[in-house]
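See structure below.
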Amino acid sequence: MEPVTLAAAAVGILAPYLGQIAGGGLARIGETATDRASQRVTDLYRAIRARVTGQPYEEAILDGAEAQPDSEARRTTLQNALAELLAADPDFAATLTPLVNAAKAEGPRHVQASQSGAVAGGDVHQSGTYVAGRDLHITNP
């Protein structure tokens, strides 16, 4: 997987959990994810944390994303720094690739909302009076 794509996937997986990690440690991840999924997210986080530990700039970026997990700017900065690390260190990329793939396969699906709409992965079930999306399959319950 290309470093930029791998970094985007890793940050996308970690983003919903960054506040929980900062707020009380890795044990809190299990409160919102299945057992296996929480272990995959934990493994991914630990690999990234281990790689940036001792590197003041990258470590500060990860700490900043944890401190303000709702900040899109901080998540983007983390993604860019991670992409640079992955491009410079093929062994780290080789370590992260299976962790990202495992977390994507096991993890719950999340909806990410922004000012322009929402992006969702996997099967998404919508209900309501007015719902919209792309590639919808409409059924009557």
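Residues in the structure tokens are numbered from 1 in each chain, the chains being A, B, ... in the order shown, and ligands are numbered from 1 in the order shown.
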
**OP:** Fewer than 3 positions away in the same chain doesn't count, so skip those; otherwise give me all residues within 12 Å of Phe92 of chain A, counting only C-alpha atoms, as a list in words.
**Re:** Pro3, Leu6, Ala7, Leu44, Ala47, Ile48, Arg49, Ala50, Arg51, Val52, Leu82, Ala83, Glu84, Leu85, Leu86, Ala87, Ala88, Asp89, Thr95, Leu96, Thr97, Pro98 and Leu99 of chain A

With C-alpha atoms retained, could you export that selection as a short mmCIF file (atom, residue, chain, number, x, y, z; two decimals), in the first residue's frame?
```cif
data_model
loop_
_atom_site.label_atom_id
_atom_site.label_comp_id
_atom_site.auth_asym_id
_atom_site.auth_seq_id
_atom_site.Cartn_x
_atom_site.Cartn_y
_atom_site.Cartn_z
CA PRO A 3 2.50 5.47 2.20
CA LEU A 6 -1.65 3.64 4.38
CA ALA A 7 -1.32 6.74 6.59
CA LEU A 44 -2.22 -0.35 15.43
CA ALA A 47 2.87 0.24 16.64
CA ILE A 48 2.53 3.90 15.72
CA ARG A 49 3.27 5.08 19.27
CA ALA A 50 6.36 2.85 19.45
CA ARG A 51 7.66 4.22 16.15
CA VAL A 52 7.27 7.90 17.09
CA LEU A 82 2.81 9.34 9.33
CA ALA A 83 2.99 9.28 5.52
CA GLU A 84 6.49 10.76 5.67
CA LEU A 85 7.59 8.15 8.21
CA LEU A 86 6.14 5.34 6.10
CA ALA A 87 7.84 6.60 2.95
CA ALA A 88 11.19 6.87 4.74
CA ASP A 89 10.91 3.53 6.56
CA THR A 95 4.64 -3.64 9.87
CA LEU A 96 1.69 -1.26 9.62
CA THR A 97 0.08 -2.73 6.47
CA PRO A 98 -1.22 -5.96 8.06
CA LEU A 99 -2.27 -4.08 11.20
#
```

Original post:
Quick one: residues within 9 Å of Gln79 of chain A, only C-alpha atoms counted, chain neighbours fewer than 5 positions away excluded, as a PyMOL selection string?
Top reply: chain A and resi 4+7-12+74+84

Subject >> Nearest residue to Ser71 of chain A from the set A:Thr42, A:Gly19, A:Ala93, A:Thr5 (distances using only C-alpha atoms) >> reply: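 Looking only at the distances to Ser71 of chain A, the closest residue turns out to be A:Gly19.
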
Subject >> Of the listed residues A:Leu18, A:Ala65, A:Met1, A:Ala37, that which approaches Ala103 of chain A most closely, counting only C-alpha atoms >> reply: A:Ala37

Subject >> Among listed residues A:Asp91, A:Glu2, A:Glu66, A:Glu59, nearest Tyr17 of chain A (using only C-alpha atoms) >> reply: A:Glu66

Original post:
Using only C-alpha atoms, which residue out of A:Val41, A:Ala105, A:Ala60, A:Ala94 lies closest to Ala15 of chain A?
Top reply: A:Val41

Original post:
With only C-alpha atoms as the atoms that count, which of A:Leu14, A:Leu78, A:Ile21, A:Lys104 lies nearest to Tyr57 of chain A?
Top reply: A:Leu78
